[in-house]
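A.B. asks: Sharing target-v6.pdb below, PDB, C-alpha atoms:
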```
ATOM      1  CA  MET R   4       0.000   0.000   0.000
ATOM      2  CA  ILE R   5       2.737   2.397   0.977
ATOM      3  CA  SER R   6       4.590   1.289  -2.113
ATOM      4  CA  LEU R   7       1.603   2.227  -4.262
ATOM      5  CA  ILE R   8       1.478   5.726  -2.812
ATOM      6  CA  VAL R   9       5.190   6.356  -3.137
ATOM      7  CA  SER R  10       5.596   5.025  -6.627
ATOM      8  CA  ARG R  11       2.975   3.584  -8.905
ATOM      9  CA  GLU R  12       5.566   2.442 -11.401
ATOM     10  CA  ARG R  13       7.662   0.439  -8.992
ATOM     11  CA  THR R  14       4.605  -1.185  -7.505
ATOM     12  CA  LEU R  15       3.492  -2.336 -10.921
ATOM     13  CA  LEU R  16       7.008  -3.590 -11.582
ATOM     14  CA  SER R  17       7.012  -5.572  -8.362
ATOM     15  CA  LEU R  18       3.640  -7.099  -9.173
ATOM     16  CA  ARG R  19       4.964  -8.092 -12.587
ATOM     17  CA  ILE R  20       7.992  -9.714 -10.981
ATOM     18  CA  ALA R  21       5.731 -11.495  -8.530
ATOM     19  CA  ALA R  22       3.450 -12.814 -11.271
ATOM     20  CA  ARG R  23       6.343 -13.964 -13.443
ATOM     21  CA  ARG R  24       8.069 -15.748 -10.565
ATOM     22  CA  PHE R  25       4.835 -17.375  -9.539
ATOM     23  CA  ILE R  26       3.993 -18.674 -13.001
ATOM     24  CA  ASN R  27       7.517 -19.982 -13.564
ATOM     25  CA  ILE R  28       7.432 -22.109 -10.443
ATOM     26  CA  LEU R  29       3.819 -23.232 -10.747
ATOM     27  CA  PRO R  30       4.608 -26.555 -12.501
ATOM     28  CA  ALA R  31       6.943 -27.541  -9.658
ATOM     29  CA  PHE R  32       4.269 -26.673  -7.112
ATOM     30  CA  LEU R  33       1.736 -28.712  -9.039
ATOM     31  CA  ILE R  34       3.989 -31.780  -8.966
ATOM     32  CA  MET R  35       4.511 -31.255  -5.263
ATOM     33  CA  LEU R  36       0.748 -31.036  -4.623
ATOM     34  CA  VAL R  37       0.163 -34.272  -6.516
ATOM     35  CA  LEU R  38       2.894 -36.051  -4.531
ATOM     36  CA  VAL R  39       1.636 -34.601  -1.243
ATOM     37  CA  SER R  40      -1.931 -35.693  -1.877
ATOM     38  CA  ILE R  41      -0.844 -39.267  -2.623
ATOM     39  CA  VAL R  42       1.620 -39.604   0.269
ATOM     40  CA  LEU R  43      -0.749 -38.090   2.839
ATOM     41  CA  SER R  44      -3.378 -40.677   2.014
ATOM     42  CA  LEU R  45      -0.802 -43.453   2.471
ATOM     43  CA  VAL R  46       0.711 -42.159   5.704
ATOM     44  CA  SER R  47      -2.079 -41.864   8.231
ATOM     45  CA  ASP R  48      -1.911 -40.948  11.901
ATOM     46  CA  GLU R  49      -2.345 -44.628  12.756
ATOM     47  CA  ILE R  50       0.718 -45.568  10.732
ATOM     48  CA  ILE R  51       2.780 -42.851  12.388
ATOM     49  CA  THR R  52       1.600 -43.914  15.835
ATOM     50  CA  ARG R  53       2.388 -47.557  15.088
ATOM     51  CA  TYR R  54       5.904 -47.035  13.739
ATOM     52  CA  LEU R  55       6.988 -44.417  16.251
ATOM     53  CA  GLY R  56       5.648 -46.493  19.112
ATOM     54  CA  ILE R  57       7.640 -49.673  18.522
ATOM     55  CA  ASP R  58       9.650 -50.941  21.462
ATOM     56  CA  ASN R  59      13.200 -50.618  20.161
ATOM     57  CA  LYS R  60      13.742 -46.872  20.370
ATOM     58  CA  TYR R  61      16.704 -46.832  17.997
ATOM     59  CA  ILE R  62      14.714 -48.473  15.258
ATOM     60  CA  ALA R  63      11.849 -46.123  16.140
ATOM     61  CA  VAL R  64      14.195 -43.170  15.562
ATOM     62  CA  LEU R  65      15.013 -44.533  12.117
ATOM     63  CA  PHE R  66      11.356 -45.051  11.246
ATOM     64  CA  ALA R  67      10.553 -41.593  12.607
ATOM     65  CA  SER R  68      13.191 -39.875  10.505
ATOM     66  CA  VAL R  69      12.186 -41.697   7.334
ATOM     67  CA  LEU R  70       8.473 -40.966   7.890
ATOM     68  CA  GLY R  71       9.300 -37.352   8.738
ATOM     69  CA  SER R  72      11.333 -37.011   5.558
ATOM     70  CA  VAL R  73       8.714 -38.288   3.160
ATOM     71  CA  THR R  74       5.739 -36.429   4.584
ATOM     72  CA  ILE R  75       4.665 -32.833   4.944
ATOM     73  CA  MET R  76       2.538 -31.627   7.805
ATOM     74  CA  PRO R  77       1.654 -28.203   9.048
ATOM     75  CA  GLY R  78       2.840 -27.436  12.593
ATOM     76  CA  PHE R  79      -0.679 -27.227  13.978
ATOM     77  CA  ILE R  80      -1.115 -30.930  13.181
ATOM     78  CA  THR R  81       2.430 -32.122  13.898
ATOM     79  CA  PHE R  82       2.861 -30.898  17.446
ATOM     80  CA  PRO R  83      -0.516 -31.895  18.883
ATOM     81  CA  LEU R  84       0.137 -35.347  17.379
ATOM     82  CA  ALA R  85       3.614 -35.361  18.942
ATOM     83  CA  GLY R  86       2.059 -34.350  22.262
ATOM     84  CA  VAL R  87      -0.344 -37.301  22.095
ATOM     85  CA  LEU R  88       2.504 -39.676  21.216
ATOM     86  CA  LEU R  89       4.490 -38.364  24.168
ATOM     87  CA  THR R  90       1.689 -39.231  26.589
ATOM     88  CA  LYS R  91       1.620 -42.702  25.023
ATOM     89  CA  GLY R  92       5.238 -43.143  26.076
ATOM     90  CA  VAL R  93       7.064 -42.436  22.809
ATOM     91  CA  PRO R  94      10.570 -41.212  23.747
ATOM     92  CA  TYR R  95      11.577 -37.596  23.174
ATOM     93  CA  MET R  96      14.391 -38.627  20.855
ATOM     94  CA  VAL R  97      11.962 -40.370  18.519
ATOM     95  CA  LEU R  98       9.682 -37.317  18.444
ATOM     96  CA  SER R  99      12.686 -35.097  17.846
ATOM     97  CA  ALA R 100      13.769 -37.199  14.856
ATOM     98  CA  PHE R 101      10.224 -37.059  13.507
ATOM     99  CA  THR R 102       9.558 -33.331  13.889
ATOM    100  CA  THR R 103      13.015 -32.256  12.750
ATOM    101  CA  THR R 104      12.984 -34.311   9.564
ATOM    102  CA  LEU R 105       9.418 -33.143   8.920
ATOM    103  CA  MET R 106      10.646 -29.578   8.996
ATOM    104  CA  MET R 107      14.089 -29.847   7.411
ATOM    105  CA  VAL R 108      14.012 -32.750   4.976
ATOM    106  CA  GLY R 109      11.618 -32.346   2.103
ATOM    107  CA  VAL R 110      11.305 -35.281  -0.246
ATOM    108  CA  LEU R 111       7.952 -33.883  -1.364
ATOM    109  CA  THR R 112       9.241 -30.340  -1.810
ATOM    110  CA  PHE R 113      12.086 -31.732  -3.909
ATOM    111  CA  PRO R 114      10.563 -30.578  -7.251
ATOM    112  CA  ILE R 115      10.543 -26.993  -5.959
ATOM    113  CA  GLU R 116      13.977 -27.185  -4.382
ATOM    114  CA  LYS R 117      15.389 -28.653  -7.577
ATOM    115  CA  ALA R 118      13.903 -25.842  -9.672
ATOM    116  CA  TYR R 119      15.570 -23.174  -7.532
ATOM    117  CA  LEU R 120      18.826 -24.744  -6.406
ATOM    118  CA  GLY R 121      19.484 -27.563  -8.854
ATOM    119  CA  THR R 122      19.301 -31.319  -8.363
ATOM    120  CA  ARG R 123      22.742 -31.830  -6.838
ATOM    121  CA  VAL R 124      22.413 -29.124  -4.216
ATOM    122  CA  ALA R 125      18.915 -30.289  -3.337
ATOM    123  CA  ILE R 126      20.154 -33.826  -2.742
ATOM    124  CA  ILE R 127      23.159 -32.715  -0.675
ATOM    125  CA  ARG R 128      21.096 -30.278   1.401
ATOM    126  CA  ASN R 129      18.493 -32.893   2.218
ATOM    127  CA  GLY R 130      21.192 -35.418   3.074
ATOM    128  CA  ILE R 131      22.872 -32.981   5.445
ATOM    129  CA  SER R 132      19.524 -32.088   7.005
ATOM    130  CA  PHE R 133      18.773 -35.755   7.588
ATOM    131  CA  LEU R 134      22.095 -36.218   9.399
ATOM    132  CA  ILE R 135      21.521 -33.085  11.480
ATOM    133  CA  ALA R 136      18.119 -34.451  12.483
ATOM    134  CA  LEU R 137      19.725 -37.716  13.621
ATOM    135  CA  ILE R 138      22.340 -35.823  15.644
ATOM    136  CA  ILE R 139      19.624 -33.718  17.268
ATOM    137  CA  ALA R 140      17.647 -36.864  18.095
ATOM    138  CA  PHE R 141      20.741 -38.437  19.639
ATOM    139  CA  ILE R 142      21.546 -35.414  21.804
ATOM    140  CA  THR R 143      17.892 -35.042  22.803
ATOM    141  CA  GLY R 144      18.064 -38.667  23.908
ATOM    142  CA  ILE R 145      21.115 -37.964  26.060
ATOM    143  CA  PHE R 146      19.541 -34.932  27.742
ATOM    144  CA  PHE R 147      16.306 -36.724  28.501
ATOM    145  CA  GLY R 148      18.189 -39.730  29.837
ATOM    146  CA  GLU R 149      16.892 -42.054  27.143
ATOM    147  CA  ILE R 150      20.330 -43.189  25.974
ATOM    148  CA  PHE R 151      23.053 -44.825  28.113
ATOM    149  CA  GLN R 152      20.964 -46.226  30.880
TER     150      GLN R 152
ATOM    151  CA  MET O  23      13.235 -30.436 -21.931
ATOM    152  CA  ASN O  24      10.230 -30.863 -24.224
ATOM    153  CA  MET O  25      10.209 -34.585 -23.545
ATOM    154  CA  ARG O  26       9.990 -33.833 -19.833
ATOM    155  CA  LYS O  27       7.114 -31.421 -20.361
ATOM    156  CA  VAL O  28       5.206 -34.042 -22.330
ATOM    157  CA  LEU O  29       5.831 -36.633 -19.616
ATOM    158  CA  MET O  30       4.688 -34.190 -16.958
ATOM    159  CA  ILE O  31       1.458 -33.384 -18.786
ATOM    160  CA  ILE O  32       0.756 -37.096 -19.313
ATOM    161  CA  GLY O  33       1.418 -37.695 -15.623
ATOM    162  CA  LEU O  34      -0.894 -34.905 -14.512
ATOM    163  CA  ALA O  35      -3.609 -36.013 -16.915
ATOM    164  CA  GLY O  36      -3.321 -39.558 -15.587
ATOM    165  CA  TYR O  37      -3.574 -38.251 -12.043
ATOM    166  CA  ALA O  38      -6.659 -36.166 -12.859
ATOM    167  CA  ALA O  39      -8.266 -39.109 -14.654
ATOM    168  CA  PHE O  40      -7.591 -41.316 -11.634
ATOM    169  CA  ILE O  41      -9.221 -38.819  -9.241
ATOM    170  CA  ILE O  42     -12.276 -38.378 -11.457
ATOM    171  CA  ALA O  43     -12.608 -42.149 -11.919
ATOM    172  CA  SER O  44     -12.378 -42.562  -8.143
ATOM    173  CA  TRP O  45     -15.304 -40.213  -7.712
ATOM    174  CA  ILE O  46     -17.388 -41.979 -10.320
ATOM    175  CA  PHE O  47     -16.674 -45.487  -9.029
ATOM    176  CA  ASP O  48     -16.645 -44.443  -5.396
ATOM    177  CA  PHE O  49     -13.056 -45.591  -4.772
ATOM    178  CA  ASN O  50     -12.224 -44.301  -1.297
ATOM    179  CA  THR O  51      -8.431 -44.048  -1.475
ATOM    180  CA  GLY O  52      -8.719 -42.069  -4.697
ATOM    181  CA  LYS O  53     -11.326 -39.746  -3.222
ATOM    182  CA  GLU O  54      -9.130 -39.197  -0.201
ATOM    183  CA  ILE O  55      -6.183 -38.296  -2.465
ATOM    184  CA  GLY O  56      -8.426 -35.818  -4.275
ATOM    185  CA  ASP O  57      -9.527 -34.271  -0.988
ATOM    186  CA  ASN O  58      -5.912 -33.972   0.142
ATOM    187  CA  PHE O  59      -5.020 -32.259  -3.107
ATOM    188  CA  VAL O  60      -7.812 -29.706  -2.728
ATOM    189  CA  SER O  61      -7.207 -28.944   0.950
ATOM    190  CA  PHE O  62      -3.445 -28.607   0.516
ATOM    191  CA  SER O  63      -3.905 -26.407  -2.573
ATOM    192  CA  VAL O  64      -6.258 -24.128  -0.657
ATOM    193  CA  GLU O  65      -3.764 -23.959   2.214
ATOM    194  CA  MET O  66      -0.961 -22.953  -0.145
ATOM    195  CA  LEU O  67      -3.065 -20.489  -2.111
ATOM    196  CA  LYS O  68      -3.610 -18.605   1.137
ATOM    197  CA  ILE O  69       0.134 -18.096   1.559
ATOM    198  CA  LEU O  70       1.732 -18.197  -1.890
ATOM    199  CA  PRO O  71       0.331 -15.026  -3.510
ATOM    200  CA  CYS O  72       1.298 -12.937  -0.469
ATOM    201  CA  ALA O  73       4.754 -14.458  -0.423
ATOM    202  CA  PHE O  74       5.354 -13.772  -4.098
ATOM    203  CA  ILE O  75       4.028 -10.217  -3.856
ATOM    204  CA  LEU O  76       6.468  -9.605  -1.005
ATOM    205  CA  ILE O  77       9.257 -11.070  -3.136
ATOM    206  CA  GLY O  78       8.240  -8.765  -5.973
ATOM    207  CA  LEU O  79       8.206  -5.708  -3.691
ATOM    208  CA  PHE O  80      11.559  -6.739  -2.286
ATOM    209  CA  GLU O  81      13.124  -7.014  -5.744
ATOM    210  CA  ALA O  82      11.663  -3.729  -6.924
ATOM    211  CA  TRP O  83      12.592  -1.698  -3.841
ATOM    212  CA  VAL O  84      15.655  -3.092  -2.140
ATOM    213  CA  LYS O  85      18.939  -2.123  -3.719
ATOM    214  CA  ARG O  86      21.458  -4.772  -4.617
ATOM    215  CA  GLU O  87      24.088  -3.014  -2.495
ATOM    216  CA  THR O  88      21.902  -3.283   0.600
ATOM    217  CA  VAL O  89      21.539  -7.027   0.214
ATOM    218  CA  GLU O  90      25.243  -7.389  -0.536
ATOM    219  CA  LYS O  91      26.135  -5.424   2.555
ATOM    220  CA  GLN O  92      23.868  -7.326   4.937
ATOM    221  CA  PHE O  93      23.913 -10.816   3.393
ATOM    222  CA  GLY O  94      26.889 -10.748   1.014
ATOM    223  CA  GLU O  95      30.553 -11.716   1.033
ATOM    224  CA  LYS O  96      31.605  -9.014   3.480
ATOM    225  CA  SER O  97      28.701  -9.374   5.874
ATOM    226  CA  GLY O  98      30.619 -11.729   8.157
ATOM    227  CA  ILE O  99      28.730 -13.071  11.111
ATOM    228  CA  ARG O 100      26.006 -10.429  10.710
ATOM    229  CA  GLY O 101      24.812 -12.179   7.554
ATOM    230  CA  TYR O 102      24.067 -15.354   9.503
ATOM    231  CA  ILE O 103      22.292 -13.461  12.258
ATOM    232  CA  TRP O 104      20.108 -11.695   9.694
ATOM    233  CA  ALA O 105      19.448 -14.997   7.966
ATOM    234  CA  VAL O 106      18.227 -16.604  11.195
ATOM    235  CA  LEU O 107      16.125 -13.575  12.183
ATOM    236  CA  LEU O 108      14.566 -13.353   8.736
ATOM    237  CA  ALA O 109      13.900 -17.090   8.856
ATOM    238  CA  GLY O 110      12.158 -16.695  12.208
ATOM    239  CA  THR O 111       9.515 -14.505  10.617
ATOM    240  CA  THR O 112       9.026 -16.689   7.532
ATOM    241  CA  VAL O 113       5.676 -18.419   7.262
ATOM    242  CA  GLY O 114       4.759 -21.704   5.654
ATOM    243  CA  GLY O 115       7.931 -23.715   5.509
ATOM    244  CA  LEU O 116      10.491 -24.863   2.988
ATOM    245  CA  TYR O 117       8.313 -24.220  -0.047
ATOM    246  CA  ILE O 118       8.192 -20.515   0.820
ATOM    247  CA  ALA O 119      11.845 -20.359   1.869
ATOM    248  CA  PHE O 120      13.118 -21.526  -1.537
ATOM    249  CA  PRO O 121      11.753 -18.656  -3.643
ATOM    250  CA  VAL O 122      12.818 -16.128  -0.990
ATOM    251  CA  ALA O 123      16.287 -17.665  -0.868
ATOM    252  CA  TYR O 124      16.514 -17.604  -4.642
ATOM    253  CA  SER O 125      15.577 -13.940  -4.669
ATOM    254  CA  LEU O 126      18.203 -13.071  -2.056
ATOM    255  CA  LEU O 127      20.826 -15.053  -3.948
ATOM    256  CA  ASN O 128      20.011 -13.170  -7.146
ATOM    257  CA  ARG O 129      20.515  -9.922  -5.292
ATOM    258  CA  GLY O 130      23.997 -10.757  -4.103
ATOM    259  CA  ALA O 131      23.637 -12.694  -0.880
ATOM    260  CA  LYS O 132      26.309 -15.292  -0.313
ATOM    261  CA  LEU O 133      25.639 -19.002  -0.569
ATOM    262  CA  SER O 134      26.411 -19.991   3.008
ATOM    263  CA  VAL O 135      24.014 -17.333   4.328
ATOM    264  CA  ILE O 136      21.336 -18.616   1.970
ATOM    265  CA  PHE O 137      21.702 -22.209   3.128
ATOM    266  CA  THR O 138      21.529 -20.993   6.711
ATOM    267  CA  TYR O 139      18.359 -19.104   5.884
ATOM    268  CA  ILE O 140      16.724 -22.142   4.254
ATOM    269  CA  ALA O 141      17.531 -24.469   7.136
ATOM    270  CA  ALA O 142      16.662 -21.891   9.775
ATOM    271  CA  SER O 143      13.304 -21.197   8.179
ATOM    272  CA  ALA O 144      12.614 -24.897   8.569
ATOM    273  CA  ILE O 145      13.591 -25.150  12.224
ATOM    274  CA  CYS O 146      13.138 -21.805  13.967
ATOM    275  CA  ARG O 147      10.047 -20.049  12.718
ATOM    276  CA  VAL O 148       8.840 -18.230  15.790
ATOM    277  CA  PRO O 149       5.133 -19.194  15.892
ATOM    278  CA  MET O 150       5.990 -22.826  15.249
ATOM    279  CA  THR O 151       8.648 -22.875  17.941
ATOM    280  CA  ILE O 152       6.238 -21.520  20.528
ATOM    281  CA  PHE O 153       3.710 -24.100  19.476
ATOM    282  CA  GLU O 154       6.311 -26.837  19.771
ATOM    283  CA  ALA O 155       7.349 -25.739  23.252
ATOM    284  CA  SER O 156       3.751 -25.778  24.444
ATOM    285  CA  PHE O 157       3.260 -29.384  23.367
ATOM    286  CA  LEU O 158       6.675 -30.933  23.962
ATOM    287  CA  GLY O 159       8.105 -28.722  26.661
ATOM    288  CA  VAL O 160      10.560 -25.824  26.689
ATOM    289  CA  LYS O 161      13.497 -28.123  27.427
ATOM    290  CA  PHE O 162      12.894 -30.070  24.229
ATOM    291  CA  THR O 163      12.716 -26.915  22.129
ATOM    292  CA  VAL O 164      15.782 -25.326  23.698
ATOM    293  CA  ILE O 165      17.886 -28.454  23.129
ATOM    294  CA  ARG O 166      16.717 -28.655  19.554
ATOM    295  CA  LEU O 167      17.537 -25.035  18.796
ATOM    296  CA  LEU O 168      20.889 -25.020  20.592
ATOM    297  CA  VAL O 169      22.033 -28.178  18.837
ATOM    298  CA  SER O 170      20.662 -27.446  15.404
ATOM    299  CA  LEU O 171      21.591 -23.800  14.823
ATOM    300  CA  PRO O 172      25.381 -24.218  15.142
ATOM    301  CA  LEU O 173      25.210 -27.367  13.016
ATOM    302  CA  VAL O 174      23.165 -25.523  10.416
ATOM    303  CA  VAL O 175      25.603 -22.618  10.167
ATOM    304  CA  LEU O 176      28.595 -24.962  10.079
ATOM    305  CA  THR O 177      27.195 -27.237   7.380
ATOM    306  CA  SER O 178      26.001 -24.218   5.362
ATOM    307  CA  ILE O 179      29.539 -22.848   5.291
ATOM    308  CA  LEU O 180      31.001 -26.228   4.342
ATOM    309  CA  LEU O 181      28.425 -26.783   1.598
ATOM    310  CA  ALA O 182      28.901 -23.265   0.204
ATOM    311  CA  ASN O 183      32.694 -23.669   0.148
ATOM    312  CA  TYR O 184      32.404 -26.987  -1.619
ATOM    313  CA  LEU O 185      30.008 -25.565  -4.219
ATOM    314  CA  GLU O 186      32.032 -22.434  -4.813
ATOM    315  CA  LYS O 187      35.112 -24.543  -5.487
ATOM    316  CA  ARG O 188      33.156 -26.382  -8.130
ATOM    317  CA  GLY O 189      31.907 -23.150  -9.701
ATOM    318  CA  TYR O 190      28.253 -23.607  -8.763
ATOM    319  CA  LYS O 191      25.759 -21.245 -10.382
ATOM    320  CA  ILE O 192      22.048 -21.063  -9.699
ATOM    321  CA  ALA O 193      19.532 -21.559 -12.489
ATOM    322  CA  GLU O 194      18.393 -18.346 -14.135
ATOM    323  CA  GLY O 195      14.934 -16.922 -14.540
ATOM    324  CA  LYS O 196      12.823 -18.803 -12.024
TER     325      LYS O 196
END
```
Now that the file is in, can you turn its structure into structure tokens?
C.D. replies:
Amino acid sequence: MISLIVSRERTLLSLRIAARRFINILPAFLIMLVLVSIVLSLVSDEIITRYLGIDNKYIAVLFASVLGSVTIMPGFITFPLAGVLLTKGVPYMVLSAFTTTLMMVGVLTFPIEKAYLGTRVAIIRNGISFLIALIIAFITGIFFGEIFQ
Amino acid sequence: MNMRKVLMIIGLAGYAAFIIASWIFDFNTGKEIGDNFVSFSVEMLKILPCAFILIGLFEAWVKRETVEKQFGEKSGIRGYIWAVLLAGTTVGGLYIAFPVAYSLLNRGAKLSVIFTYIAASAICRVPMTIFEASFLGVKFTVIRLLVSLPLVVLTSILLANYLEKRGYKIAEGK
């Protein structure tokens, strides 16, 4: 609004930039939406609860990080779900692996990431993020006394 | 390139046909996929136009020198601090962070700062962090942030160095 008052020309320019950028990336977003819609119907809350709740917590961490990587969930669904899992006795380190990979590793956002950063960088960045998530899970486990006891 | 476009259109058409068929034949999994598609699209359409308009305003108003000074080669540690602060206010998640990051990169921000921004916008958006702390406890959130931020900055620098050595350039015109 302020922009419009100060300079009509620049505002129009910025809207043109916005429209062009948006249209250029639309195909990638479309692919992502298709992938998201399919994966979300495969990965239900029950599946998440089952795999994160298995007895061996190290294997649970692995399941959690893989599930977190291949799904997308808004925070207002993720954290209430994590809260429920916590009351069911799922360790903090498993939840940490799940929420961190959900946020940082994006298999489903890969088409978009690839369009902006290139395939190689997208793969490396996701790989690094996955490792960081595992490290965070490990350290969370130490601090909550879930490892070495 | 054309081959890929054709494949993509065939894929999308197949997907649409599958959803429509699911509705006609009352196939539940297919209907659920269709519902997911619609609800996620609506969710993104609420955020995307605003995000791209902000990107447009940013590119039209902010001078290249300003970005270079705050996020560029000579920004030092300040660049990373800005990246994390900017990430804290980002909404949506990775799919919003990528176009913003691309825009910053085009305007002269350095690679390591950009990677920090992308990762930070995944892990320390302010509203999300508060939400997280309320469900999983402050201790959990503090550990996560204290462990992840240094790792993020460190790996961003390493990745940027590696890419710069190999002469990495971002794709044009997205």
A.B. asks: Just so the selection is clear, what residues does the PyMOL selection byres ((chain R and resi 134-146) around 7) cover here, as a ChimeraX atom specification?
C.D. replies: /R:95-97,99-100,103-104,130-133,147-150 /O:165-166,169-170,173
A.B. asks: Separation of CA of Val108 (chain R) and CA of Gly115 (chain O), in Å?
C.D. replies: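 Computed distance, CA of Val108 (chain R) to CA of Gly115 (chain O), equals 10.9 Å.
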A.B. asks: Which polymer residues have any atom within 10 Å of an atom of Thr52 (chain R), counting only C-alpha atoms, with same-chain residues fewer than 2 positions away left out, as a ChimeraX atom specification?
C.D. replies: /R:47-50,54-57,67,84-85,87-88,91,93
A.B. asks: Which residues of chain R come within 6 Å of chain O, and for each one, what is the closest pair of atoms and their distance in Å to one decimal, counting all atoms listed in the file, sorted by chain and residue number, as CSV?
C.D. replies:
```
residue,atom,partner,partner_atom,distance
R:Ser17,CA,O:Gly78,CA,4.2
R:Leu18,CA,O:Gly78,CA,5.8
R:Ile20,CA,O:Gly78,CA,5.1
R:Ala21,CA,O:Gly78,CA,4.5
R:Arg24,CA,O:Lys196,CA,5.8
R:Asn27,CA,O:Lys196,CA,5.6
R:Ser40,CA,O:Phe59,CA,4.8
R:Ile41,CA,O:Ile55,CA,5.4
R:Ser44,CA,O:Ile55,CA,5.8
R:Phe82,CA,O:Glu154,CA,5.8
R:Gly86,CA,O:Phe157,CA,5.2
R:Met106,CA,O:Ala144,CA,5.1
R:Met107,CA,O:Ala144,CA,5.3
R:Leu120,CA,O:Ile192,CA,5.9
```
A.B. asks: Enumerate, as a ChimeraX atom specification, the residues matched when the PyMOL selection byres ((chain O and resi 103) around 10) is run on the file above.
C.D. replies: /O:92-93,97-102,104-109,135,138-139,175
A.B. asks: Quote the spacing between CA of Val110 (chain R) and CA of Leu70 (chain R) in Å to one decimal place.
C.D. replies: 10.3 Å
A.B. asks: In Å, rounded to a single decimal, give me how far CA of Pro30 (chain R) is from CA of Ala35 (chain O).
C.D. replies: 13.3 Å
A.B. asks: Find the residues near Val148 (chain O): any atom within 9 Å, counting only C-alpha atoms, skip ones fewer than 6 places away on the same chain, and give them as JSON, numbers by chain.
C.D. replies: {"O": [109, 110, 111, 112]}
A.B. asks: Return the single residue from O:Lys96, O:Ile136, O:Leu67, O:Lys85 that is closest to Leu36 (chain R), with distances computed using all atoms listed in the file.
C.D. replies: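 Of O:Lys96, O:Ile136, O:Leu67, O:Lys85, the one nearest Leu36 (chain R) is O:Leu67, counting all atoms listed in the file.
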A.B. asks: Taking all listed atoms of region 127-139 of chain O, build the axis-aligned box, pad each of the six sides by 8 Å, then write its centre and edge lengths in Å to one decimal as JSON.
C.D. replies:
```
{"center_x": 22.4, "center_y": -16.1, "center_z": -0.2, "size_x": 24.1, "size_y": 28.3, "size_z": 29.9}
```
A.B. asks: Leaving out Asp58 (chain R) and any residue of its chain fewer than 4 positions from it, which residues lie within 12 Å of it when counting only C-alpha atoms, given as a ChimeraX atom specification?
C.D. replies: /R:53-54,62-64,66,92-94,97
A.B. asks: Write out all heavy atoms for region 164-168 of chain O, as a PDB file, in the frame of the given file.
C.D. replies:
```pdb
ATOM      1  N   VAL O 164      14.486 -25.982  23.494  1.00  0.00           N
ATOM      2  CA  VAL O 164      15.782 -25.326  23.698  1.00  0.00           C
ATOM      3  C   VAL O 164      16.922 -26.239  23.231  1.00  0.00           C
ATOM      4  O   VAL O 164      17.831 -25.796  22.525  1.00  0.00           O
ATOM      5  CB  VAL O 164      15.971 -24.929  25.182  1.00  0.00           C
ATOM      6  CG1 VAL O 164      17.402 -24.489  25.440  1.00  0.00           C
ATOM      7  CG2 VAL O 164      14.999 -23.827  25.545  1.00  0.00           C
ATOM      8  N   ILE O 165      16.850 -27.514  23.584  1.00  0.00           N
ATOM      9  CA  ILE O 165      17.886 -28.454  23.129  1.00  0.00           C
ATOM     10  C   ILE O 165      17.934 -28.471  21.609  1.00  0.00           C
ATOM     11  O   ILE O 165      18.995 -28.367  20.997  1.00  0.00           O
ATOM     12  CB  ILE O 165      17.609 -29.891  23.645  1.00  0.00           C
ATOM     13  CG1 ILE O 165      17.750 -29.953  25.163  1.00  0.00           C
ATOM     14  CG2 ILE O 165      18.554 -30.895  22.991  1.00  0.00           C
ATOM     15  CD1 ILE O 165      17.301 -31.277  25.756  1.00  0.00           C
ATOM     16  N   ARG O 166      16.763 -28.572  21.014  1.00  0.00           N
ATOM     17  CA  ARG O 166      16.717 -28.655  19.554  1.00  0.00           C
ATOM     18  C   ARG O 166      17.345 -27.429  18.900  1.00  0.00           C
ATOM     19  O   ARG O 166      18.160 -27.546  17.987  1.00  0.00           O
ATOM     20  CB  ARG O 166      15.267 -28.813  19.089  1.00  0.00           C
ATOM     21  CG  ARG O 166      15.139 -29.247  17.653  1.00  0.00           C
ATOM     22  CD  ARG O 166      13.700 -29.451  17.263  1.00  0.00           C
ATOM     23  NE  ARG O 166      12.916 -28.238  17.411  1.00  0.00           N
ATOM     24  CZ  ARG O 166      12.938 -27.220  16.549  1.00  0.00           C
ATOM     25  NH1 ARG O 166      13.718 -27.284  15.502  1.00  0.00           N
ATOM     26  NH2 ARG O 166      12.209 -26.153  16.745  1.00  0.00           N
ATOM     27  N   LEU O 167      16.995 -26.250  19.408  1.00  0.00           N
ATOM     28  CA  LEU O 167      17.537 -25.035  18.796  1.00  0.00           C
ATOM     29  C   LEU O 167      19.040 -24.909  19.036  1.00  0.00           C
ATOM     30  O   LEU O 167      19.795 -24.572  18.122  1.00  0.00           O
ATOM     31  CB  LEU O 167      16.813 -23.798  19.347  1.00  0.00           C
ATOM     32  CG  LEU O 167      15.393 -23.601  18.823  1.00  0.00           C
ATOM     33  CD1 LEU O 167      14.763 -22.379  19.457  1.00  0.00           C
ATOM     34  CD2 LEU O 167      15.402 -23.456  17.309  1.00  0.00           C
ATOM     35  N   LEU O 168      19.470 -25.184  20.276  1.00  0.00           N
ATOM     36  CA  LEU O 168      20.889 -25.020  20.592  1.00  0.00           C
ATOM     37  C   LEU O 168      21.763 -26.011  19.830  1.00  0.00           C
ATOM     38  O   LEU O 168      22.897 -25.697  19.473  1.00  0.00           O
ATOM     39  CB  LEU O 168      21.128 -25.178  22.100  1.00  0.00           C
ATOM     40  CG  LEU O 168      20.649 -24.019  22.966  1.00  0.00           C
ATOM     41  CD1 LEU O 168      20.999 -24.258  24.425  1.00  0.00           C
ATOM     42  CD2 LEU O 168      21.258 -22.707  22.482  1.00  0.00           C
TER      43      LEU O 168
END
```
